[in-house]
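Novice: File name target.pdb; file contents PDB, C-alpha atoms, pLDDT in the B column; full text below.
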ATOM      1  CA  MET G   1      86.814 101.114 143.967  1.00 54.00           C
ATOM      2  CA  ALA G   2      85.966  99.073 140.883  1.00 63.00           C
ATOM      3  CA  PHE G   3      88.352  96.403 139.728  1.00 60.00           C
ATOM      4  CA  GLU G   4      88.008  94.027 136.789  1.00 62.00           C
ATOM      5  CA  GLN G   5      89.179  90.492 136.953  1.00 59.00           C
ATOM      6  CA  ILE G   6      92.350  89.805 134.969  1.00 52.00           C
ATOM      7  CA  LYS G   7      91.626  87.284 132.253  1.00 62.00           C
ATOM      8  CA  GLN G   8      94.151  84.613 131.489  1.00 64.00           C
ATOM      9  CA  VAL G   9      95.163  84.497 127.832  1.00 68.00           C
ATOM     10  CA  ARG G  10      95.188  81.063 126.294  1.00 86.00           C
ATOM     11  CA  ILE G  11      98.518  80.131 124.714  1.00 90.00           C
ATOM     12  CA  ALA G  12      96.801  79.243 121.421  1.00 88.00           C
ATOM     13  CA  ASP G  13      95.153  82.677 121.298  1.00 89.00           C
ATOM     14  CA  GLU G  14      98.507  84.398 121.854  1.00 90.00           C
ATOM     15  CA  ILE G  15     100.083  82.315 119.067  1.00 91.00           C
ATOM     16  CA  ALA G  16      97.217  83.208 116.719  1.00 89.00           C
ATOM     17  CA  LYS G  17      97.644  86.883 117.608  1.00 87.00           C
ATOM     18  CA  GLN G  18     101.349  86.769 116.760  1.00 88.00           C
ATOM     19  CA  ILE G  19     100.585  85.266 113.361  1.00 88.00           C
ATOM     20  CA  GLU G  20      97.902  87.905 112.782  1.00 83.00           C
ATOM     21  CA  ASP G  21     100.421  90.627 113.687  1.00 79.00           C
ATOM     22  CA  GLN G  22     102.810  89.270 111.062  1.00 81.00           C
ATOM     23  CA  LEU G  23     100.004  89.536 108.492  1.00 77.00           C
ATOM     24  CA  ILE G  24      99.086  93.078 109.509  1.00 69.00           C
ATOM     25  CA  LYS G  25     102.716  94.190 109.262  1.00 68.00           C
ATOM     26  CA  GLY G  26     103.023  92.612 105.810  1.00 68.00           C
ATOM     27  CA  VAL G  27     105.723  90.160 106.949  1.00 76.00           C
ATOM     28  CA  LEU G  28     103.467  87.269 105.909  1.00 79.00           C
ATOM     29  CA  LYS G  29     101.918  87.604 102.449  1.00 75.00           C
ATOM     30  CA  PRO G  30      98.821  85.935 100.876  1.00 74.00           C
ATOM     31  CA  GLY G  31      99.745  82.458  99.683  1.00 79.00           C
ATOM     32  CA  GLU G  32     102.921  82.315 101.795  1.00 85.00           C
ATOM     33  CA  LYS G  33     103.706  79.045 103.552  1.00 89.00           C
ATOM     34  CA  LEU G  34     104.145  79.099 107.331  1.00 90.00           C
ATOM     35  CA  PRO G  35     106.955  77.243 109.125  1.00 90.00           C
ATOM     36  CA  SER G  36     106.061  73.695 110.152  1.00 90.00           C
ATOM     37  CA  GLU G  37     104.393  72.982 113.500  1.00 90.00           C
ATOM     38  CA  ARG G  38     107.730  71.723 114.819  1.00 91.00           C
ATOM     39  CA  GLU G  39     109.544  74.897 113.699  1.00 92.00           C
ATOM     40  CA  LEU G  40     106.851  77.150 115.156  1.00 91.00           C
ATOM     41  CA  SER G  41     106.971  75.196 118.397  1.00 91.00           C
ATOM     42  CA  LYS G  42     110.722  75.849 118.697  1.00 92.00           C
ATOM     43  CA  LEU G  43     110.466  79.503 117.608  1.00 90.00           C
ATOM     44  CA  LEU G  44     107.732  80.308 120.125  1.00 90.00           C
ATOM     45  CA  ASN G  45     108.832  77.864 122.822  1.00 92.00           C
ATOM     46  CA  VAL G  46     105.368  76.331 123.148  1.00 91.00           C
ATOM     47  CA  SER G  47     103.919  72.861 122.708  1.00 92.00           C
ATOM     48  CA  ARG G  48     102.897  71.520 119.294  1.00 91.00           C
ATOM     49  CA  PRO G  49      99.267  70.959 120.444  1.00 91.00           C
ATOM     50  CA  SER G  50      99.064  74.712 121.229  1.00 91.00           C
ATOM     51  CA  ILE G  51     100.448  75.506 117.767  1.00 91.00           C
ATOM     52  CA  ARG G  52      97.939  73.139 116.189  1.00 92.00           C
ATOM     53  CA  GLU G  53      95.044  74.730 118.096  1.00 93.00           C
ATOM     54  CA  ALA G  54      96.107  78.227 117.014  1.00 91.00           C
ATOM     55  CA  LEU G  55      96.350  77.165 113.359  1.00 92.00           C
ATOM     56  CA  HIS G  56      92.895  75.580 113.523  1.00 92.00           C
ATOM     57  CA  LYS G  57      91.459  78.836 114.888  1.00 90.00           C
ATOM     58  CA  LEU G  58      92.963  80.818 112.017  1.00 89.00           C
ATOM     59  CA  GLU G  59      91.774  78.225 109.475  1.00 89.00           C
ATOM     60  CA  ALA G  60      88.224  78.531 110.821  1.00 89.00           C
ATOM     61  CA  ARG G  61      88.388  82.277 110.110  1.00 84.00           C
ATOM     62  CA  ASN G  62      89.748  81.646 106.580  1.00 83.00           C
ATOM     63  CA  ILE G  63      92.983  83.434 107.433  1.00 84.00           C
ATOM     64  CA  LEU G  64      94.992  80.253 106.873  1.00 89.00           C
ATOM     65  CA  SER G  65      94.432  77.275 104.605  1.00 87.00           C
ATOM     66  CA  LYS G  66      95.956  73.809 104.492  1.00 86.00           C
ATOM     67  CA  ASP G  67      97.975  72.357 101.615  1.00 82.00           C
ATOM     68  CA  PRO G  68      97.242  68.771 100.476  1.00 78.00           C
ATOM     69  CA  GLY G  69     100.395  67.793 102.375  1.00 76.00           C
ATOM     70  CA  GLY G  70      99.081  69.389 105.556  1.00 78.00           C
ATOM     71  CA  SER G  71     101.251  72.529 105.571  1.00 85.00           C
ATOM     72  CA  ALA G  72      99.582  75.768 106.632  1.00 89.00           C
ATOM     73  CA  ARG G  73      99.760  78.863 104.462  1.00 89.00           C
ATOM     74  CA  VAL G  74      98.168  82.290 104.362  1.00 86.00           C
ATOM     75  CA  SER G  75      94.878  82.198 102.473  1.00 82.00           C
ATOM     76  CA  ASP G  76      95.066  83.411  98.869  1.00 71.00           C
ATOM     77  CA  ASN G  77      91.658  85.104  99.120  1.00 65.00           C
ATOM     78  CA  MET G  78      92.660  87.594 101.811  1.00 61.00           C
ATOM     79  CA  GLY G  79      91.072  90.943 100.939  1.00 55.00           C
ATOM     80  CA  GLU G  80      88.761  89.370  98.377  1.00 52.00           C
ATOM     81  CA  SER G  81      86.157  92.092  98.926  1.00 51.00           C
ATOM     82  CA  PHE G  82      88.225  94.217  96.534  1.00 52.00           C
ATOM     83  CA  THR G  83      87.836  91.659  93.767  1.00 50.00           C
ATOM     84  CA  ASP G  84      84.206  90.592  94.095  1.00 52.00           C
ATOM     85  CA  PRO G  85      81.822  90.424  91.068  1.00 49.00           C
ATOM     86  CA  LEU G  86      80.869  94.090  91.457  1.00 46.00           C
ATOM     87  CA  MET G  87      84.517  95.095  91.211  1.00 52.00           C
ATOM     88  CA  ALA G  88      84.833  92.976  88.056  1.00 52.00           C
ATOM     89  CA  LEU G  89      81.950  94.941  86.517  1.00 49.00           C
ATOM     90  CA  LEU G  90      83.554  98.242  87.480  1.00 52.00           C
ATOM     91  CA  VAL G  91      86.854  97.214  85.926  1.00 52.00           C
ATOM     92  CA  ASN G  92      85.146  96.494  82.609  1.00 54.00           C
ATOM     93  CA  ASN G  93      83.556  99.911  82.330  1.00 60.00           C
ATOM     94  CA  TYR G  94      84.992 102.420  79.852  1.00 62.00           C
ATOM     95  CA  ASP G  95      86.520 104.816  82.372  1.00 70.00           C
ATOM     96  CA  ALA G  96      87.876 102.117  84.705  1.00 71.00           C
ATOM     97  CA  PRO G  97      91.543 102.366  83.625  1.00 73.00           C
ATOM     98  CA  PHE G  98      91.508 106.100  84.313  1.00 79.00           C
ATOM     99  CA  GLU G  99      89.707 105.723  87.629  1.00 79.00           C
ATOM    100  CA  MET G 100      92.305 103.121  88.604  1.00 80.00           C
ATOM    101  CA  LEU G 101      95.028 105.625  87.762  1.00 84.00           C
ATOM    102  CA  GLU G 102      93.413 108.153  90.109  1.00 88.00           C
ATOM    103  CA  ILE G 103      93.624 105.589  92.901  1.00 86.00           C
ATOM    104  CA  ARG G 104      97.207 104.763  92.007  1.00 88.00           C
ATOM    105  CA  TYR G 105      98.156 108.451  91.914  1.00 93.00           C
ATOM    106  CA  VAL G 106      97.115 108.897  95.535  1.00 93.00           C
ATOM    107  CA  LEU G 107      98.174 105.543  96.998  1.00 93.00           C
ATOM    108  CA  GLU G 108     101.453 105.184  95.140  1.00 94.00           C
ATOM    109  CA  GLY G 109     102.475 108.786  95.664  1.00 96.00           C
ATOM    110  CA  MET G 110     102.120 108.131  99.396  1.00 96.00           C
ATOM    111  CA  SER G 111     103.799 104.752  98.995  1.00 96.00           C
ATOM    112  CA  ALA G 112     106.899 106.212  97.321  1.00 98.00           C
ATOM    113  CA  TYR G 113     107.076 109.061  99.852  1.00 98.00           C
ATOM    114  CA  ASN G 114     106.988 106.707 102.843  1.00 97.00           C
ATOM    115  CA  ALA G 115     109.343 104.200 101.212  1.00 97.00           C
ATOM    116  CA  ALA G 116     111.960 106.952 100.841  1.00 98.00           C
ATOM    117  CA  LEU G 117     111.604 107.771 104.532  1.00 97.00           C
ATOM    118  CA  HIS G 118     111.217 104.336 106.107  1.00 95.00           C
ATOM    119  CA  SER G 119     112.651 101.617 103.818  1.00 95.00           C
ATOM    120  CA  THR G 120     115.200  99.271 105.374  1.00 92.00           C
ATOM    121  CA  ASP G 121     118.362  98.029 103.660  1.00 95.00           C
ATOM    122  CA  LYS G 122     116.521  94.786 102.896  1.00 92.00           C
ATOM    123  CA  ASP G 123     113.587  96.717 101.390  1.00 93.00           C
ATOM    124  CA  LYS G 124     115.987  98.642  99.154  1.00 96.00           C
ATOM    125  CA  GLU G 125     117.637  95.442  97.939  1.00 96.00           C
ATOM    126  CA  ILE G 126     114.218  94.013  97.044  1.00 95.00           C
ATOM    127  CA  ILE G 127     113.260  97.194  95.155  1.00 97.00           C
ATOM    128  CA  LYS G 128     116.536  97.010  93.195  1.00 97.00           C
ATOM    129  CA  GLN G 129     115.910  93.334  92.392  1.00 96.00           C
ATOM    130  CA  ARG G 130     112.343  94.052  91.250  1.00 95.00           C
ATOM    131  CA  TYR G 131     113.681  96.834  89.026  1.00 96.00           C
ATOM    132  CA  ALA G 132     116.212  94.407  87.515  1.00 95.00           C
ATOM    133  CA  ASP G 133     113.415  91.874  86.880  1.00 93.00           C
ATOM    134  CA  LEU G 134     111.334  94.611  85.250  1.00 91.00           C
ATOM    135  CA  GLN G 135     114.232  95.695  83.033  1.00 90.00           C
ATOM    136  CA  LYS G 136     114.863  92.070  81.982  1.00 90.00           C
ATOM    137  CA  ASN G 137     111.246  91.622  80.862  1.00 84.00           C
ATOM    138  CA  TYR G 138     111.319  95.049  79.199  1.00 81.00           C
ATOM    139  CA  ASP G 139     114.349  93.988  77.139  1.00 80.00           C
ATOM    140  CA  GLU G 140     112.707  90.691  76.187  1.00 77.00           C
ATOM    141  CA  LYS G 141     109.483  92.490  75.128  1.00 73.00           C
ATOM    142  CA  LYS G 142     107.055  90.121  76.873  1.00 73.00           C
ATOM    143  CA  ALA G 143     103.966  92.202  77.636  1.00 73.00           C
ATOM    144  CA  ASP G 144     102.287  89.921  80.214  1.00 77.00           C
ATOM    145  CA  GLU G 145     105.530  89.168  82.078  1.00 84.00           C
ATOM    146  CA  GLU G 146     106.487  92.837  81.949  1.00 83.00           C
ATOM    147  CA  ALA G 147     103.098  93.854  83.376  1.00 82.00           C
ATOM    148  CA  THR G 148     103.539  91.388  86.249  1.00 86.00           C
ATOM    149  CA  ALA G 149     107.095  92.587  86.887  1.00 90.00           C
ATOM    150  CA  ASP G 150     105.844  96.190  86.822  1.00 89.00           C
ATOM    151  CA  ILE G 151     103.282  95.416  89.524  1.00 89.00           C
ATOM    152  CA  GLU G 152     105.863  93.587  91.640  1.00 91.00           C
ATOM    153  CA  PHE G 153     108.138  96.650  91.425  1.00 95.00           C
ATOM    154  CA  HIS G 154     105.338  98.928  92.622  1.00 94.00           C
ATOM    155  CA  LEU G 155     104.315  96.477  95.359  1.00 91.00           C
ATOM    156  CA  ALA G 156     107.905  96.283  96.601  1.00 94.00           C
ATOM    157  CA  ILE G 157     107.752 100.051  97.068  1.00 96.00           C
ATOM    158  CA  ALA G 158     104.462  99.697  98.965  1.00 93.00           C
ATOM    159  CA  ASP G 159     106.027  97.023 101.198  1.00 91.00           C
ATOM    160  CA  ALA G 160     108.925  99.398 101.898  1.00 94.00           C
ATOM    161  CA  SER G 161     106.519 102.122 103.060  1.00 93.00           C
ATOM    162  CA  GLN G 162     106.122 100.328 106.428  1.00 89.00           C
ATOM    163  CA  ASN G 163     102.434 101.313 106.347  1.00 90.00           C
ATOM    164  CA  ALA G 164     100.507  98.094 106.969  1.00 84.00           C
ATOM    165  CA  MET G 165      97.156  99.447 105.757  1.00 85.00           C
ATOM    166  CA  LEU G 166      98.694 100.792 102.553  1.00 89.00           C
ATOM    167  CA  VAL G 167     100.438  97.480 101.889  1.00 86.00           C
ATOM    168  CA  HIS G 168      97.198  95.538 102.270  1.00 81.00           C
ATOM    169  CA  LEU G 169      95.213  97.961 100.114  1.00 84.00           C
ATOM    170  CA  MET G 170      97.760  97.620  97.324  1.00 85.00           C
ATOM    171  CA  ARG G 171      97.987  93.846  97.563  1.00 80.00           C
ATOM    172  CA  SER G 172      94.211  93.452  97.755  1.00 76.00           C
ATOM    173  CA  LEU G 173      93.949  95.386  94.507  1.00 74.00           C
ATOM    174  CA  PHE G 174      96.600  93.219  92.823  1.00 70.00           C
ATOM    175  CA  SER G 175      94.340  91.210  90.496  1.00 65.00           C
ATOM    176  CA  VAL G 176      92.411  94.301  89.415  1.00 69.00           C
ATOM    177  CA  LEU G 177      95.637  96.250  89.037  1.00 69.00           C
ATOM    178  CA  HIS G 178      97.090  93.509  86.830  1.00 70.00           C
ATOM    179  CA  LYS G 179      94.270  93.938  84.318  1.00 68.00           C
ATOM    180  CA  SER G 180      94.751  97.690  84.330  1.00 68.00           C
ATOM    181  CA  VAL G 181      98.536  97.476  83.894  1.00 73.00           C
ATOM    182  CA  LEU G 182      98.264  94.805  81.199  1.00 70.00           C
ATOM    183  CA  PHE G 183      95.862  97.057  79.272  1.00 68.00           C
ATOM    184  CA  SER G 184      98.369  99.910  79.592  1.00 70.00           C
ATOM    185  CA  PHE G 185     101.183  97.734  78.273  1.00 68.00           C
ATOM    186  CA  SER G 186      99.084  96.665  75.283  1.00 66.00           C
ATOM    187  CA  VAL G 187      98.966 100.363  74.405  1.00 66.00           C
ATOM    188  CA  PHE G 188     102.666 100.960  75.147  1.00 66.00           C
ATOM    189  CA  TYR G 189     103.637  98.294  72.638  1.00 64.00           C
ATOM    190  CA  THR G 190     101.923 100.299  69.889  1.00 66.00           C
ATOM    191  CA  LYS G 191     103.914 103.413  70.902  1.00 67.00           C
ATOM    192  CA  PRO G 192     107.612 102.407  70.908  1.00 67.00           C
ATOM    193  CA  SER G 193     108.834 105.967  71.486  1.00 66.00           C
ATOM    194  CA  VAL G 194     106.687 106.246  74.619  1.00 64.00           C
ATOM    195  CA  ARG G 195     107.612 102.782  75.845  1.00 68.00           C
ATOM    196  CA  LEU G 196     111.282 103.810  75.740  1.00 75.00           C
ATOM    197  CA  THR G 197     110.613 106.348  78.516  1.00 82.00           C
ATOM    198  CA  LEU G 198     109.354 103.754  81.028  1.00 83.00           C
ATOM    199  CA  PRO G 199     112.728 102.444  82.297  1.00 86.00           C
ATOM    200  CA  ASP G 200     113.895 106.003  82.966  1.00 92.00           C
ATOM    201  CA  GLN G 201     110.677 106.765  84.872  1.00 94.00           C
ATOM    202  CA  HIS G 202     111.002 103.650  87.025  1.00 95.00           C
ATOM    203  CA  ARG G 203     114.699 104.321  87.560  1.00 96.00           C
ATOM    204  CA  ALA G 204     113.987 107.887  88.706  1.00 97.00           C
ATOM    205  CA  ILE G 205     111.431 106.612  91.240  1.00 98.00           C
ATOM    206  CA  MET G 206     113.844 103.993  92.558  1.00 98.00           C
ATOM    207  CA  ASP G 207     116.811 106.393  92.763  1.00 98.00           C
ATOM    208  CA  ALA G 208     114.773 108.924  94.746  1.00 98.00           C
ATOM    209  CA  ILE G 209     113.693 106.225  97.217  1.00 98.00           C
ATOM    210  CA  LEU G 210     117.224 104.866  97.595  1.00 98.00           C
ATOM    211  CA  ALA G 211     118.480 108.418  98.179  1.00 98.00           C
ATOM    212  CA  GLY G 212     115.848 108.966 100.881  1.00 97.00           C
ATOM    213  CA  ASP G 213     114.346 111.963  99.044  1.00 98.00           C
ATOM    214  CA  ALA G 214     110.664 111.590  99.946  1.00 98.00           C
ATOM    215  CA  GLU G 215     109.322 114.625  98.066  1.00 97.00           C
ATOM    216  CA  LEU G 216     111.199 113.701  94.892  1.00 98.00           C
ATOM    217  CA  ALA G 217     110.068 110.065  95.172  1.00 98.00           C
ATOM    218  CA  ARG G 218     106.414 111.140  95.372  1.00 97.00           C
ATOM    219  CA  GLU G 219     106.898 113.625  92.517  1.00 97.00           C
ATOM    220  CA  LYS G 220     108.511 111.041  90.212  1.00 97.00           C
ATOM    221  CA  MET G 221     105.851 108.445  91.027  1.00 96.00           C
ATOM    222  CA  GLN G 222     103.014 110.872  90.318  1.00 96.00           C
ATOM    223  CA  GLU G 223     104.679 112.062  87.104  1.00 95.00           C
ATOM    224  CA  HIS G 224     104.841 108.407  86.059  1.00 93.00           C
ATOM    225  CA  ILE G 225     101.116 107.912  86.727  1.00 91.00           C
ATOM    226  CA  LEU G 226     100.233 111.123  84.853  1.00 91.00           C
ATOM    227  CA  SER G 227     102.285 110.037  81.830  1.00 87.00           C
ATOM    228  CA  ILE G 228     100.368 106.745  81.673  1.00 84.00           C
ATOM    229  CA  ASP G 229      97.053 108.581  81.899  1.00 85.00           C
ATOM    230  CA  ASP G 230      98.097 110.926  79.094  1.00 81.00           C
ATOM    231  CA  LEU G 231      99.169 108.074  76.832  1.00 77.00           C
ATOM    232  CA  LEU G 232      95.981 106.070  77.371  1.00 76.00           C
ATOM    233  CA  ARG G 233      93.797 109.091  76.654  1.00 76.00           C
ATOM    234  CA  HIS G 234      95.602 109.868  73.426  1.00 70.00           C
ATOM    235  CA  SER G 235      95.369 106.236  72.345  1.00 65.00           C
ATOM    236  CA  ARG G 236      91.606 106.272  72.829  1.00 62.00           C
ATOM    237  CA  GLU G 237      91.267 109.702  71.199  1.00 54.00           C
ATOM    238  CA  LEU G 238      88.754 110.797  73.788  1.00 43.00           C
ATOM    239  CA  SER G 239      86.490 113.633  72.734  1.00 36.00           C
ATOM    240  CA  ARG G 240      86.668 115.440  76.078  1.00 43.00           C
ATOM    241  CA  SER G 241      88.451 118.764  75.623  1.00 37.00           C
ATOM    242  CA  GLU G 242      89.672 118.592  79.217  1.00 43.00           C
ATOM    243  CA  PRO G 243      90.392 115.039  80.361  1.00 47.00           C
ATOM    244  CA  LEU G 244      88.600 114.448  83.642  1.00 45.00           C
ATOM    245  CA  THR G 245      91.300 112.344  85.257  1.00 52.00           C
ATOM    246  CA  GLN G 246      94.134 114.662  84.213  1.00 53.00           C
ATOM    247  CA  ASN G 247      92.310 117.584  85.793  1.00 57.00           C
ATOM    248  CA  ARG G 248      91.627 115.669  88.991  1.00 56.00           C
ATOM    249  CA  LEU G 249      95.166 114.425  89.316  1.00 56.00           C
ATOM    250  CA  LYS G 250      96.683 117.835  88.695  1.00 56.00           C
ATOM    251  CA  ASN G 251      94.321 119.357  91.259  1.00 58.00           C
ATOM    252  CA  MET G 252      95.404 116.727  93.781  1.00 56.00           C
ATOM    253  CA  LYS G 253      99.017 117.701  93.166  1.00 54.00           C
ATOM    254  CA  ASN G 254      98.377 121.419  93.797  1.00 50.00           C
TER
END
Let me see the file written as structure tokens.
Specialist:
Amino acid sequence: MAFEQIKQVRIADEIAKQIEDQLIKGVLKPGEKLPSERELSKLLNVSRPSIREALHKLEARNILSKDPGGSARVSDNMGESFTDPLMALLVNNYDAPFEMLEIRYVLEGMSAYNAALHSTDKDKEIIKQRYADLQKNYDEKKADEEATADIEFHLAIADASQNAMLVHLMRSLFSVLHKSVLFSFSVFYTKPSVRLTLPDQHRAIMDAILAGDAELAREKMQEHILSIDDLLRHSRELSRSEPLTQNRLKNMKN
């Protein structure tokens, strides 16, 4: 018979693991402030020195950072491999907006589908609030604010998917996605008739999720992505007789 010795788990390691689990599940977000050492000590029923040791371990791994006042928060550069200098070069290439749309078509179609199936009541309230914020900026015609609100609406749907990997992929792409969305909005503002369709598209996505209709939610999200691709291609007057991205996206749908 072969037995292995049972290793004792240090309290600080268990605390660190719980914080990591909150990150993986998307409960804690990049830049979010953690409760104070005293609050964590009460929540976890452990000593403050154990809390402090756990926080130091996570700081050493660049998972947490310290504010000037000493408060711990989730590092803002989590997932920075998606936004390194090479990614910046890719984003500036001519086809980048369309390649980004291909990524969004796949990820956000899945995101909407899962959100319709798994979103909680709290998730749904957040999606409705993000839609209201988006509509407010749409009415005020502020392109940069509207682009940010648009991303927050889509990220709220990703959060509601309850798929930790999907949530982190979407949030890691946030800064790159912002450039892509802002470029799209700069085009929308030159096409008022097209811009008028956006609230209805977003509303249709939200309504399908709130109704729990997963297939319809995915369909409406992917129709939304395809409409953006179509608009951007017409605005650039591309010479390709058969737009590459449109073909790819339609093939993915079939």
Novice: Convert the output of the PyMOL selection byres ((chain G and resi 51) around 8) on the shown file into explicit residues, formatted as an NGL selection string.
Specialist: :G and (12 or 15 or 37 or 40-41 or 46-50 or 52-55)
Novice: Quick check, in Å to one decimal: how far apart do CA of Ala211 (chain G) and CA of His178 (chain G) lie?
Specialist: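 The value is 28.4 Å.
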Novice: Nearest to Glu215 (chain G) among G:Gln18, G:Ser111, G:Asn137, G:Thr148, with distances taken over all atoms listed in the file: which residue is it?
Specialist: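 Among the listed residues, G:Ser111 lies closest to Glu215 (chain G).
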Novice: On this structure, which residues satisfy the PyMOL selection byres ((chain G and resi 108) around 8), written as an MDAnalysis selection string?
Specialist: chainID G and resid 104:107 109:112 154 158 218 221:222
Novice: Between CA of Glu59 (chain G) and CA of Ser75 (chain G), what is the distance in Å, rounded to a tenth?
Specialist: 8.6 Å
Novice: How many Å lie between CA of Glu152 (chain G) and CA of Gly31 (chain G), rounded to one decimal?
Specialist: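 Computing the Euclidean distance for CA of Glu152 (chain G) and CA of Gly31 (chain G) yields 15.0 Å.
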Novice: Please check which residues have atoms at most 12 Å from (96.3, 71.3, 105.3) in the file's coordinates, counting only C-alpha atoms, and write them as an mmCIF file with C-alpha atoms, in the frame of the given file.
Specialist:
data_model
loop_
_atom_site.group_PDB
_atom_site.id
_atom_site.type_symbol
_atom_site.label_atom_id
_atom_site.label_comp_id
_atom_site.auth_asym_id
_atom_site.auth_seq_id
_atom_site.Cartn_x
_atom_site.Cartn_y
_atom_site.Cartn_z
ATOM 1 C CA LYS G 33 103.706 79.045 103.552
ATOM 2 C CA LEU G 34 104.145 79.099 107.331
ATOM 3 C CA SER G 36 106.061 73.695 110.152
ATOM 4 C CA GLU G 37 104.393 72.982 113.500
ATOM 5 C CA ARG G 52 97.939 73.139 116.189
ATOM 6 C CA LEU G 55 96.350 77.165 113.359
ATOM 7 C CA HIS G 56 92.895 75.580 113.523
ATOM 8 C CA GLU G 59 91.774 78.225 109.475
ATOM 9 C CA LEU G 64 94.992 80.253 106.873
ATOM 10 C CA SER G 65 94.432 77.275 104.605
ATOM 11 C CA LYS G 66 95.956 73.809 104.492
ATOM 12 C CA ASP G 67 97.975 72.357 101.615
ATOM 13 C CA PRO G 68 97.242 68.771 100.476
ATOM 14 C CA GLY G 69 100.395 67.793 102.375
ATOM 15 C CA GLY G 70 99.081 69.389 105.556
ATOM 16 C CA SER G 71 101.251 72.529 105.571
ATOM 17 C CA ALA G 72 99.582 75.768 106.632
ATOM 18 C CA ARG G 73 99.760 78.863 104.462
ATOM 19 C CA VAL G 74 98.168 82.290 104.362
ATOM 20 C CA SER G 75 94.878 82.198 102.473
#
Novice: Provide region 196-201 of chain G rebuilt to all heavy atoms, formatted as an mmCIF file, in the coordinates of the input.
Specialist:
data_model
loop_
_atom_site.group_PDB
_atom_site.id
_atom_site.type_symbol
_atom_site.label_atom_id
_atom_site.label_comp_id
_atom_site.auth_asym_id
_atom_site.auth_seq_id
_atom_site.Cartn_x
_atom_site.Cartn_y
_atom_site.Cartn_z
ATOM 1 N N LEU G 196 109.869 103.602 75.428
ATOM 2 C CA LEU G 196 111.282 103.810 75.740
ATOM 3 C C LEU G 196 111.488 104.673 76.986
ATOM 4 O O LEU G 196 112.545 104.625 77.599
ATOM 5 C CB LEU G 196 111.993 104.464 74.542
ATOM 6 C CG LEU G 196 112.245 103.566 73.328
ATOM 7 C CD1 LEU G 196 112.751 104.396 72.152
ATOM 8 C CD2 LEU G 196 113.252 102.462 73.662
ATOM 9 N N THR G 197 110.474 105.458 77.352
ATOM 10 C CA THR G 197 110.613 106.348 78.516
ATOM 11 C C THR G 197 110.375 105.622 79.842
ATOM 12 O O THR G 197 110.746 106.136 80.906
ATOM 13 C CB THR G 197 109.623 107.531 78.433
ATOM 14 O OG1 THR G 197 108.272 107.032 78.563
ATOM 15 C CG2 THR G 197 109.763 108.268 77.106
ATOM 16 N N LEU G 198 109.745 104.442 79.795
ATOM 17 C CA LEU G 198 109.354 103.754 81.028
ATOM 18 C C LEU G 198 110.535 103.380 81.936
ATOM 19 O O LEU G 198 110.469 103.614 83.151
ATOM 20 C CB LEU G 198 108.521 102.512 80.708
ATOM 21 C CG LEU G 198 107.146 102.779 80.080
ATOM 22 C CD1 LEU G 198 106.446 101.463 79.763
ATOM 23 C CD2 LEU G 198 106.286 103.625 81.011
ATOM 24 N N PRO G 199 111.618 102.785 81.394
ATOM 25 C CA PRO G 199 112.728 102.444 82.297
ATOM 26 C C PRO G 199 113.292 103.659 83.024
ATOM 27 O O PRO G 199 113.635 103.571 84.210
ATOM 28 C CB PRO G 199 113.770 101.834 81.346
ATOM 29 C CG PRO G 199 112.971 101.305 80.199
ATOM 30 C CD PRO G 199 111.859 102.296 80.018
ATOM 31 N N ASP G 200 113.378 104.796 82.319
ATOM 32 C CA ASP G 200 113.895 106.003 82.966
ATOM 33 C C ASP G 200 112.962 106.485 84.074
ATOM 34 O O ASP G 200 113.413 106.957 85.124
ATOM 35 C CB ASP G 200 114.088 107.118 81.933
ATOM 36 C CG ASP G 200 115.283 106.867 81.021
ATOM 37 O OD1 ASP G 200 116.148 106.043 81.391
ATOM 38 O OD2 ASP G 200 115.343 107.479 79.940
ATOM 39 N N GLN G 201 111.641 106.358 83.839
ATOM 40 C CA GLN G 201 110.677 106.765 84.872
ATOM 41 C C GLN G 201 110.813 105.895 86.109
ATOM 42 O O GLN G 201 110.852 106.392 87.249
ATOM 43 C CB GLN G 201 109.254 106.689 84.322
ATOM 44 C CG GLN G 201 108.939 107.733 83.258
ATOM 45 C CD GLN G 201 107.528 107.583 82.712
ATOM 46 O OE1 GLN G 201 106.677 106.953 83.326
ATOM 47 N NE2 GLN G 201 107.281 108.175 81.550
#
